[in-house]
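Undergrad: Here you go, one structure.
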Amino acid sequence: MTDLLCPKCGATSNKKDFIESFCVDCYPANIKCPTKLKIEQCKRCEKIRVAGQWTKYSDAALSSFVMGKCKGPHSEGSYDRETGLAEFRIEREGNIAVIRKNIILEIVPVICLQCSRISGGYFQGIIQLRGSRKKVEEWTGMLYKKLKKKTFIAKEEEKHGGLDIYVGNSKAVVEILSELRVKATITTKLAGVEQGKRYYRTTFLIRL
Ligand SMILES: [Zn+2]
Ligand SMILES: [Zn+2]
């Protein structure tokens, strides 16, 4: 097999890895990415908005946001907020070229829908737990764990014979109760209008 000669730097393929007819350092990858980007981050919970979804802040989530704005032949990529460098890996027949580009990422502080709902006292559902103190406590602990994965808890109120838990999302409660095979007495009332949509409040009465 004859050696390839990189047309840009003159390196030969017996000394360096090649991708197509270029060495990995000179491979002219056609990667299109903006030089400046803006991302929304919630001031309260620090979540960032990636592809329309509020996502827990992490380096991986930030990378996936930046990569979502870049197009090219790369198979994977990452972004480092400290250095502002995006790295794109291109792999062909076992050889890897790493392309680096500078991207300035501006964080735009906002308040996400969930945080604005929490501070506005919004809730969709009330879980009314009724029974002995011991049972109510057991169930509260278990429900909180499950609820926090799907929605938020707006407040709780001690009631004669139990506890009322106010939650952000009724659908989440329905899902959890069916998962636990719990029978609740359900009543629904129109609660108001938010952003042009009617929303309802549902009460779930659970006798333990
Ligand atoms: Zn080269
Ligand atoms: Zn938030």
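Letters for chains follow the order of the structure tokens (A, B, ...), residue numbers begin at 1 for each chain, and ligand numbers begin at 1 in the order shown.
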Against ligand 2, which residues of chain A fall within 8 Å? For each one I want the closest pair of atoms and the distance in Å (one decimal), counting only C-alpha atoms and all ligand atoms, rows by chain and increasing residue number, as a Markdown table.

TA:
| residue | atom | partner | partner_atom_place_in_ligand_line | distance |
| --- | --- | --- | --- | --- |
| A:Gln41 | CA | ligand 2 | 1 (Zn) | 7.9 |
| A:Cys42 | CA | ligand 2 | 1 (Zn) | 4.6 |
| A:Lys43 | CA | ligand 2 | 1 (Zn) | 6.5 |
| A:Arg44 | CA | ligand 2 | 1 (Zn) | 5.0 |
| A:Cys45 | CA | ligand 2 | 1 (Zn) | 4.1 |
| A:Glu46 | CA | ligand 2 | 1 (Zn) | 6.2 |
| A:Lys47 | CA | ligand 2 | 1 (Zn) | 5.9 |
| A:Ile111 | CA | ligand 2 | 1 (Zn) | 5.4 |
| A:Cys112 | CA | ligand 2 | 1 (Zn) | 4.3 |
| A:Leu113 | CA | ligand 2 | 1 (Zn) | 6.8 |
| A:Gln114 | CA | ligand 2 | 1 (Zn) | 5.8 |
| A:Cys115 | CA | ligand 2 | 1 (Zn) | 4.3 |
| A:Ser116 | CA | ligand 2 | 1 (Zn) | 7.3 |

Undergrad: Go through chain A residue by residue and, counting only C-alpha atoms and all ligand atoms, keep those with an atom at most 7 Å from ligand 1; for each kept residue give the shortest atom pair and its distance in Å to one decimal, ordered by chain and increasing number, as CSV.

TA:
residue,atom,partner,partner_atom_place_in_ligand_line,distance
A:Cys6,CA,ligand 1,1 (Zn),4.8
A:Pro7,CA,ligand 1,1 (Zn),6.7
A:Lys8,CA,ligand 1,1 (Zn),5.1
A:Cys9,CA,ligand 1,1 (Zn),4.1
A:Gly10,CA,ligand 1,1 (Zn),6.1
A:Ala11,CA,ligand 1,1 (Zn),5.6
A:Phe22,CA,ligand 1,1 (Zn),5.8
A:Cys23,CA,ligand 1,1 (Zn),4.3
A:Val24,CA,ligand 1,1 (Zn),6.7
A:Asp25,CA,ligand 1,1 (Zn),5.5
A:Cys26,CA,ligand 1,1 (Zn),4.2

Undergrad: What would the file look like if the residues just selected were written as an mmCIF file, in the first residue's frame with N, CA and C atoms?

TA:
data_model
loop_
_atom_site.group_PDB
_atom_site.id
_atom_site.type_symbol
_atom_site.label_atom_id
_atom_site.label_comp_id
_atom_site.auth_asym_id
_atom_site.auth_seq_id
_atom_site.Cartn_x
_atom_site.Cartn_y
_atom_site.Cartn_z
ATOM 1 N N CYS A 6 -0.453 14.234 2.925
ATOM 2 C CA CYS A 6 -1.460 15.255 3.253
ATOM 3 C C CYS A 6 -1.209 16.494 2.405
ATOM 4 N N PRO A 7 -2.202 16.928 1.623
ATOM 5 C CA PRO A 7 -1.989 18.083 0.738
ATOM 6 C C PRO A 7 -1.813 19.400 1.489
ATOM 7 N N LYS A 8 -2.144 19.398 2.777
ATOM 8 C CA LYS A 8 -2.024 20.665 3.514
ATOM 9 C C LYS A 8 -0.685 20.800 4.228
ATOM 10 N N CYS A 9 -0.271 19.720 4.972
ATOM 11 C CA CYS A 9 0.948 19.860 5.776
ATOM 12 C C CYS A 9 2.080 18.954 5.299
ATOM 13 N N GLY A 10 1.778 18.085 4.340
ATOM 14 C CA GLY A 10 2.835 17.232 3.809
ATOM 15 C C GLY A 10 3.140 15.987 4.621
ATOM 16 N N ALA A 11 2.399 15.733 5.698
ATOM 17 C CA ALA A 11 2.624 14.534 6.503
ATOM 18 C C ALA A 11 2.250 13.302 5.688
ATOM 19 N N PHE A 22 -6.697 13.410 3.821
ATOM 20 C CA PHE A 22 -5.998 14.355 4.712
ATOM 21 C C PHE A 22 -5.550 13.669 6.000
ATOM 22 N N CYS A 23 -4.516 14.246 6.645
ATOM 23 C CA CYS A 23 -4.159 13.768 7.966
ATOM 24 C C CYS A 23 -5.231 14.247 8.951
ATOM 25 N N VAL A 24 -5.292 13.585 10.136
ATOM 26 C CA VAL A 24 -6.373 13.911 11.075
ATOM 27 C C VAL A 24 -6.340 15.379 11.538
ATOM 28 N N ASP A 25 -5.167 15.994 11.496
ATOM 29 C CA ASP A 25 -5.084 17.396 11.936
ATOM 30 C C ASP A 25 -5.562 18.381 10.875
ATOM 31 N N CYS A 26 -5.497 17.976 9.621
ATOM 32 C CA CYS A 26 -5.854 18.907 8.547
ATOM 33 C C CYS A 26 -7.201 18.583 7.914
#

Undergrad: Which residues are near A:Ser63? Cut-off 9 Å, only C-alpha atoms, ignore same chain within fewer than 2 positions. Put them as a PyMOL selection string.

TA: chain A and resi 58-61+65-68+77-81+86

Undergrad: Save the residues we just selected, C-alpha atoms, as an mmCIF file, in the first residue's frame?

TA:
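Everything below was put into out-v4.cif:
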data_model
loop_
_atom_site.group_PDB
_atom_site.id
_atom_site.type_symbol
_atom_site.label_atom_id
_atom_site.label_comp_id
_atom_site.auth_asym_id
_atom_site.auth_seq_id
_atom_site.Cartn_x
_atom_site.Cartn_y
_atom_site.Cartn_z
ATOM 1 C CA SER A 58 -25.065 19.431 34.058
ATOM 2 C CA ASP A 59 -22.064 19.513 31.741
ATOM 3 C CA ALA A 60 -23.735 16.825 29.632
ATOM 4 C CA ALA A 61 -26.977 18.812 29.316
ATOM 5 C CA PHE A 65 -27.660 22.004 23.962
ATOM 6 C CA VAL A 66 -24.575 23.246 22.082
ATOM 7 C CA MET A 67 -24.367 20.122 19.910
ATOM 8 C CA GLY A 68 -28.027 20.551 19.007
ATOM 9 C CA GLY A 77 -19.092 16.270 20.566
ATOM 10 C CA SER A 78 -18.834 18.135 23.803
ATOM 11 C CA TYR A 79 -18.655 21.684 25.064
ATOM 12 C CA ASP A 80 -16.526 23.085 27.869
ATOM 13 C CA ARG A 81 -18.056 26.180 29.432
ATOM 14 C CA ALA A 86 -16.520 22.853 21.469
#

Undergrad: Just the residues within 9 Å of A:Ile165, please, counting only C-alpha atoms, with nothing from its chain fewer than 6 positions along; format it as an MDAnalysis selection string.

TA: chainID A and resid 125:129 140 153:158

Undergrad: Can you write just those residues out, N, CA and C atoms, as a PDB file, in the first residue's frame?

TA:
ATOM      1  N   GLY A 125     -53.637  20.003  42.195  1.00  0.00           N
ATOM      2  CA  GLY A 125     -54.233  18.885  42.916  1.00  0.00           C
ATOM      3  C   GLY A 125     -54.048  18.982  44.419  1.00  0.00           C
ATOM      4  N   ILE A 126     -55.027  18.438  45.149  1.00  0.00           N
ATOM      5  CA  ILE A 126     -54.889  18.331  46.602  1.00  0.00           C
ATOM      6  C   ILE A 126     -55.067  16.863  46.965  1.00  0.00           C
ATOM      7  N   ILE A 127     -54.055  16.317  47.617  1.00  0.00           N
ATOM      8  CA  ILE A 127     -54.185  14.945  48.113  1.00  0.00           C
ATOM      9  C   ILE A 127     -54.576  15.044  49.581  1.00  0.00           C
ATOM     10  N   GLN A 128     -55.732  14.507  49.909  1.00  0.00           N
ATOM     11  CA  GLN A 128     -56.182  14.529  51.302  1.00  0.00           C
ATOM     12  C   GLN A 128     -55.977  13.145  51.888  1.00  0.00           C
ATOM     13  N   LEU A 129     -54.991  13.042  52.751  1.00  0.00           N
ATOM     14  CA  LEU A 129     -54.726  11.760  53.416  1.00  0.00           C
ATOM     15  C   LEU A 129     -55.476  11.757  54.742  1.00  0.00           C
ATOM     16  N   THR A 140     -47.143   9.880  53.607  1.00  0.00           N
ATOM     17  CA  THR A 140     -46.597  11.184  53.216  1.00  0.00           C
ATOM     18  C   THR A 140     -45.169  11.017  52.703  1.00  0.00           C
ATOM     19  N   ILE A 153     -44.348  20.204  45.099  1.00  0.00           N
ATOM     20  CA  ILE A 153     -45.310  20.280  46.185  1.00  0.00           C
ATOM     21  C   ILE A 153     -45.437  21.747  46.583  1.00  0.00           C
ATOM     22  N   ALA A 154     -46.624  22.292  46.440  1.00  0.00           N
ATOM     23  CA  ALA A 154     -46.818  23.724  46.678  1.00  0.00           C
ATOM     24  C   ALA A 154     -46.872  24.036  48.168  1.00  0.00           C
ATOM     25  N   LYS A 155     -47.578  23.221  48.917  1.00  0.00           N
ATOM     26  CA  LYS A 155     -47.623  23.381  50.372  1.00  0.00           C
ATOM     27  C   LYS A 155     -48.307  22.172  50.991  1.00  0.00           C
ATOM     28  N   GLU A 156     -48.241  22.092  52.329  1.00  0.00           N
ATOM     29  CA  GLU A 156     -49.014  21.055  53.003  1.00  0.00           C
ATOM     30  C   GLU A 156     -49.707  21.674  54.198  1.00  0.00           C
ATOM     31  N   GLU A 157     -50.870  21.121  54.524  1.00  0.00           N
ATOM     32  CA  GLU A 157     -51.636  21.645  55.649  1.00  0.00           C
ATOM     33  C   GLU A 157     -52.106  20.506  56.518  1.00  0.00           C
ATOM     34  N   GLU A 158     -51.825  20.630  57.824  1.00  0.00           N
ATOM     35  CA  GLU A 158     -52.341  19.650  58.781  1.00  0.00           C
ATOM     36  C   GLU A 158     -53.842  19.835  58.882  1.00  0.00           C
TER      37      GLU A 158
END

Undergrad: Could you pull out all residues of stretch 15-206 of chain A with a DSSP call of alpha helix (DSSP H) and give them as a PDB file with N, CA and C atoms, in the first residue's frame?

TA:
ATOM      1  N   ASP A  59     -22.942  19.306  32.895  1.00  0.00           N
ATOM      2  CA  ASP A  59     -22.064  19.513  31.741  1.00  0.00           C
ATOM      3  C   ASP A  59     -22.625  18.802  30.515  1.00  0.00           C
ATOM      4  N   ALA A  60     -23.187  17.604  30.746  1.00  0.00           N
ATOM      5  CA  ALA A  60     -23.735  16.825  29.632  1.00  0.00           C
ATOM      6  C   ALA A  60     -24.940  17.525  29.003  1.00  0.00           C
ATOM      7  N   ALA A  61     -25.794  18.121  29.843  1.00  0.00           N
ATOM      8  CA  ALA A  61     -26.977  18.812  29.316  1.00  0.00           C
ATOM      9  C   ALA A  61     -26.552  20.044  28.516  1.00  0.00           C
ATOM     10  N   LEU A  62     -25.521  20.736  29.007  1.00  0.00           N
ATOM     11  CA  LEU A  62     -25.013  21.916  28.324  1.00  0.00           C
ATOM     12  C   LEU A  62     -24.402  21.520  26.969  1.00  0.00           C
ATOM     13  N   SER A  63     -23.632  20.422  26.969  1.00  0.00           N
ATOM     14  CA  SER A  63     -23.053  19.921  25.724  1.00  0.00           C
ATOM     15  C   SER A  63     -24.148  19.556  24.738  1.00  0.00           C
ATOM     16  N   SER A  64     -25.193  18.916  25.228  1.00  0.00           N
ATOM     17  CA  SER A  64     -26.233  18.493  24.302  1.00  0.00           C
ATOM     18  C   SER A  64     -26.968  19.697  23.719  1.00  0.00           C
ATOM     19  N   PHE A  65     -27.074  20.766  24.502  1.00  0.00           N
ATOM     20  CA  PHE A  65     -27.660  22.004  23.962  1.00  0.00           C
ATOM     21  C   PHE A  65     -26.789  22.557  22.828  1.00  0.00           C
ATOM     22  N   VAL A  66     -25.481  22.672  23.090  1.00  0.00           N
ATOM     23  CA  VAL A  66     -24.575  23.246  22.082  1.00  0.00           C
ATOM     24  C   VAL A  66     -24.526  22.355  20.836  1.00  0.00           C
ATOM     25  N   MET A  67     -24.438  21.038  21.047  1.00  0.00           N
ATOM     26  CA  MET A  67     -24.367  20.122  19.910  1.00  0.00           C
ATOM     27  C   MET A  67     -25.639  20.170  19.069  1.00  0.00           C
ATOM     28  N   GLY A  68     -26.757  20.431  19.724  1.00  0.00           N
ATOM     29  CA  GLY A  68     -28.027  20.551  19.007  1.00  0.00           C
ATOM     30  C   GLY A  68     -28.048  21.725  18.036  1.00  0.00           C
ATOM     31  N   LEU A 113     -41.198  27.955  34.146  1.00  0.00           N
ATOM     32  CA  LEU A 113     -42.631  27.886  34.410  1.00  0.00           C
ATOM     33  C   LEU A 113     -42.920  27.286  35.785  1.00  0.00           C
ATOM     34  N   GLN A 114     -42.201  26.206  36.096  1.00  0.00           N
ATOM     35  CA  GLN A 114     -42.461  25.560  37.392  1.00  0.00           C
ATOM     36  C   GLN A 114     -42.160  26.495  38.564  1.00  0.00           C
ATOM     37  N   CYS A 115     -41.027  27.198  38.497  1.00  0.00           N
ATOM     38  CA  CYS A 115     -40.680  28.118  39.595  1.00  0.00           C
ATOM     39  C   CYS A 115     -41.657  29.286  39.666  1.00  0.00           C
ATOM     40  N   SER A 116     -42.118  29.754  38.507  1.00  0.00           N
ATOM     41  CA  SER A 116     -43.058  30.871  38.561  1.00  0.00           C
ATOM     42  C   SER A 116     -44.394  30.386  39.113  1.00  0.00           C
ATOM     43  N   ARG A 117     -44.739  29.136  38.833  1.00  0.00           N
ATOM     44  CA  ARG A 117     -45.961  28.567  39.403  1.00  0.00           C
ATOM     45  C   ARG A 117     -45.831  28.399  40.914  1.00  0.00           C
ATOM     46  N   ILE A 118     -44.682  27.931  41.347  1.00  0.00           N
ATOM     47  CA  ILE A 118     -44.483  27.732  42.793  1.00  0.00           C
ATOM     48  C   ILE A 118     -44.623  29.069  43.515  1.00  0.00           C
ATOM     49  N   SER A 119     -43.937  30.104  42.977  1.00  0.00           N
ATOM     50  CA  SER A 119     -43.977  31.391  43.675  1.00  0.00           C
ATOM     51  C   SER A 119     -45.346  32.055  43.557  1.00  0.00           C
ATOM     52  N   ARG A 133     -52.406   8.748  62.553  1.00  0.00           N
ATOM     53  CA  ARG A 133     -51.227   9.579  62.380  1.00  0.00           C
ATOM     54  C   ARG A 133     -50.061   8.791  61.778  1.00  0.00           C
ATOM     55  N   LYS A 134     -49.900   7.560  62.267  1.00  0.00           N
ATOM     56  CA  LYS A 134     -48.788   6.721  61.819  1.00  0.00           C
ATOM     57  C   LYS A 134     -48.909   6.430  60.322  1.00  0.00           C
ATOM     58  N   LYS A 135     -50.108   6.037  59.918  1.00  0.00           N
ATOM     59  CA  LYS A 135     -50.326   5.715  58.492  1.00  0.00           C
ATOM     60  C   LYS A 135     -50.131   6.944  57.614  1.00  0.00           C
ATOM     61  N   VAL A 136     -50.660   8.082  58.075  1.00  0.00           N
ATOM     62  CA  VAL A 136     -50.531   9.313  57.286  1.00  0.00           C
ATOM     63  C   VAL A 136     -49.048   9.663  57.107  1.00  0.00           C
ATOM     64  N   GLU A 137     -48.270   9.519  58.184  1.00  0.00           N
ATOM     65  CA  GLU A 137     -46.836   9.822  58.082  1.00  0.00           C
ATOM     66  C   GLU A 137     -46.132   8.895  57.103  1.00  0.00           C
ATOM     67  N   GLU A 138     -46.444   7.607  57.193  1.00  0.00           N
ATOM     68  CA  GLU A 138     -45.828   6.633  56.276  1.00  0.00           C
ATOM     69  C   GLU A 138     -46.120   7.006  54.822  1.00  0.00           C
ATOM     70  N   TRP A 139     -47.385   7.285  54.580  1.00  0.00           N
ATOM     71  CA  TRP A 139     -47.800   7.588  53.211  1.00  0.00           C
ATOM     72  C   TRP A 139     -47.241   8.910  52.723  1.00  0.00           C
ATOM     73  N   THR A 140     -47.143   9.880  53.607  1.00  0.00           N
ATOM     74  CA  THR A 140     -46.597  11.184  53.216  1.00  0.00           C
ATOM     75  C   THR A 140     -45.169  11.017  52.703  1.00  0.00           C
ATOM     76  N   GLY A 141     -44.354  10.280  53.465  1.00  0.00           N
ATOM     77  CA  GLY A 141     -42.963  10.079  53.073  1.00  0.00           C
ATOM     78  C   GLY A 141     -42.865   9.406  51.717  1.00  0.00           C
ATOM     79  N   MET A 142     -43.668   8.379  51.529  1.00  0.00           N
ATOM     80  CA  MET A 142     -43.614   7.616  50.290  1.00  0.00           C
ATOM     81  C   MET A 142     -44.116   8.452  49.108  1.00  0.00           C
ATOM     82  N   LEU A 143     -45.221   9.159  49.321  1.00  0.00           N
ATOM     83  CA  LEU A 143     -45.777   9.980  48.234  1.00  0.00           C
ATOM     84  C   LEU A 143     -44.847  11.131  47.845  1.00  0.00           C
ATOM     85  N   TYR A 144     -44.218  11.754  48.830  1.00  0.00           N
ATOM     86  CA  TYR A 144     -43.317  12.871  48.536  1.00  0.00           C
ATOM     87  C   TYR A 144     -42.203  12.451  47.586  1.00  0.00           C
ATOM     88  N   LYS A 145     -41.644  11.270  47.860  1.00  0.00           N
ATOM     89  CA  LYS A 145     -40.559  10.781  47.011  1.00  0.00           C
ATOM     90  C   LYS A 145     -41.032  10.664  45.570  1.00  0.00           C
ATOM     91  N   LYS A 146     -42.207  10.067  45.400  1.00  0.00           N
ATOM     92  CA  LYS A 146     -42.722   9.850  44.041  1.00  0.00           C
ATOM     93  C   LYS A 146     -43.160  11.163  43.388  1.00  0.00           C
ATOM     94  N   LEU A 147     -43.788  12.025  44.168  1.00  0.00           N
ATOM     95  CA  LEU A 147     -44.280  13.288  43.611  1.00  0.00           C
ATOM     96  C   LEU A 147     -43.141  14.174  43.121  1.00  0.00           C
ATOM     97  N   LYS A 148     -42.059  14.210  43.901  1.00  0.00           N
ATOM     98  CA  LYS A 148     -40.955  15.116  43.568  1.00  0.00           C
ATOM     99  C   LYS A 148     -40.280  14.754  42.248  1.00  0.00           C
ATOM    100  N   LYS A 149     -40.444  13.499  41.822  1.00  0.00           N
ATOM    101  CA  LYS A 149     -39.871  13.110  40.528  1.00  0.00           C
ATOM    102  C   LYS A 149     -40.695  13.651  39.372  1.00  0.00           C
ATOM    103  N   LYS A 150     -41.986  13.889  39.611  1.00  0.00           N
ATOM    104  CA  LYS A 150     -42.875  14.253  38.507  1.00  0.00           C
ATOM    105  C   LYS A 150     -43.372  15.688  38.561  1.00  0.00           C
ATOM    106  N   SER A 170     -51.933  17.455  38.513  1.00  0.00           N
ATOM    107  CA  SER A 170     -52.895  16.400  38.866  1.00  0.00           C
ATOM    108  C   SER A 170     -52.626  15.085  38.148  1.00  0.00           C
ATOM    109  N   LYS A 171     -52.170  15.213  36.903  1.00  0.00           N
ATOM    110  CA  LYS A 171     -51.918  14.002  36.120  1.00  0.00           C
ATOM    111  C   LYS A 171     -50.866  13.135  36.820  1.00  0.00           C
ATOM    112  N   ALA A 172     -49.864  13.795  37.402  1.00  0.00           N
ATOM    113  CA  ALA A 172     -48.820  13.068  38.125  1.00  0.00           C
ATOM    114  C   ALA A 172     -49.432  12.288  39.288  1.00  0.00           C
ATOM    115  N   VAL A 173     -50.423  12.882  39.953  1.00  0.00           N
ATOM    116  CA  VAL A 173     -51.064  12.198  41.093  1.00  0.00           C
ATOM    117  C   VAL A 173     -51.829  10.979  40.604  1.00  0.00           C
ATOM    118  N   VAL A 174     -52.577  11.149  39.515  1.00  0.00           N
ATOM    119  CA  VAL A 174     -53.342  10.029  38.942  1.00  0.00           C
ATOM    120  C   VAL A 174     -52.398   8.872  38.620  1.00  0.00           C
ATOM    121  N   GLU A 175     -51.257   9.199  38.002  1.00  0.00           N
ATOM    122  CA  GLU A 175     -50.291   8.163  37.627  1.00  0.00           C
ATOM    123  C   GLU A 175     -49.751   7.435  38.853  1.00  0.00           C
ATOM    124  N   ILE A 176     -49.404   8.202  39.878  1.00  0.00           N
ATOM    125  CA  ILE A 176     -48.822   7.599  41.082  1.00  0.00           C
ATOM    126  C   ILE A 176     -49.855   6.719  41.801  1.00  0.00           C
ATOM    127  N   LEU A 177     -51.080   7.208  41.901  1.00  0.00           N
ATOM    128  CA  LEU A 177     -52.103   6.427  42.601  1.00  0.00           C
ATOM    129  C   LEU A 177     -52.420   5.134  41.853  1.00  0.00           C
ATOM    130  N   SER A 178     -52.402   5.191  40.529  1.00  0.00           N
ATOM    131  CA  SER A 178     -52.710   3.960  39.803  1.00  0.00           C
ATOM    132  C   SER A 178     -51.547   2.971  39.908  1.00  0.00           C
ATOM    133  N   GLU A 179     -50.340   3.526  39.933  1.00  0.00           N
ATOM    134  CA  GLU A 179     -49.146   2.685  40.130  1.00  0.00           C
ATOM    135  C   GLU A 179     -49.216   1.983  41.501  1.00  0.00           C
TER     136      GLU A 179
END

Undergrad: Could you pull out the strand (DSSP E or B) residues of stretch 84-188 of chain A, going by DSSP on the backbone, and write them as a ChimeraX atom specification?

TA: /A:85-92,95-102,104-110,125-130,153-159,162-167,185-188

Undergrad: Any idea what's packed within 10 Å of A:Lys32, counting only C-alpha atoms, ignoring anything in its chain fewer than 4 positions away? Could you give it as a list in words?

TA: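 So the residues in contact are Lys69, Cys70, Lys71, Gly72, Pro73 and Lys101 of chain A.
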
Undergrad: Print the selection's residues with N, CA and C atoms to a file, as a CSV table (one decimal), in the first residue's frame.

TA:
chain,number,residue,atom,x,y,z
A,69,LYS,N,-27.1,22.7,18.2
A,69,LYS,CA,-27.1,23.8,17.4
A,69,LYS,C,-26.0,23.7,16.3
A,70,CYS,N,-25.3,22.6,16.3
A,70,CYS,CA,-24.2,22.4,15.3
A,70,CYS,C,-24.5,21.3,14.4
A,71,LYS,N,-24.1,21.5,13.1
A,71,LYS,CA,-24.4,20.4,12.1
A,71,LYS,C,-23.0,20.0,11.5
A,72,GLY,N,-22.9,18.8,11.2
A,72,GLY,CA,-21.6,18.3,10.6
A,72,GLY,C,-21.5,16.8,10.6
A,73,PRO,N,-20.4,16.3,10.1
A,73,PRO,CA,-20.2,14.9,10.0
A,73,PRO,C,-19.8,14.2,11.3
A,101,LYS,N,-13.7,24.2,18.0
A,101,LYS,CA,-14.2,25.6,17.6
A,101,LYS,C,-14.6,26.4,18.9

Undergrad: Kindly give the distance, in Å, that separates atom CA of A:Asn169 and atom CA of A:Thr185, rounded to a single decimal.

TA: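 Interatomic distance, atom CA of A:Asn169 to atom CA of A:Thr185: 17.1 Å.
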
Undergrad: Could you jot down the atom CA of A:Lys56 to atom CA of A:Gly121 separation for me, Å, one decimal place?

TA: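 We find that atom CA of A:Lys56 and atom CA of A:Gly121 lie 22.4 Å from each other.
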
Undergrad: As an exercise, work out the distance from atom CA of A:Asp17 to atom CA of A:Ala97 in Å and give it to one decimal place.

TA: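 Spanning atom CA of A:Asp17 to atom CA of A:Ala97 is a straight-line distance of 8.7 Å.
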
Undergrad: List as a list in words the protein and nucleic acid residues near A:Glu194, meaning an atom at most 12 Å away when only C-alpha atoms are counted, but skip any in the same chain fewer than 6 places from it.

TA: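 In the requested format, the answer is Leu113, Arg117, Gly120, Tyr122, Phe123, Gln124 and Tyr200 of chain A.
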
Undergrad: Set the distance at 10 Å and use only C-alpha atoms: which residues neighbour A:Glu93 once local chain neighbours fewer than 5 positions away are removed? I'd like the list as a list of chain:residue names.

TA: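 Residues near the query, excluding close chain neighbours: A:Phe18, A:Ile19, A:Glu20.
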
Undergrad: Looking at only C-alpha atoms, which of A:Ile206, A:Val98, A:Leu5, A:Ile31 is the one that sits closest to A:Arg181?

TA: A:Ile206
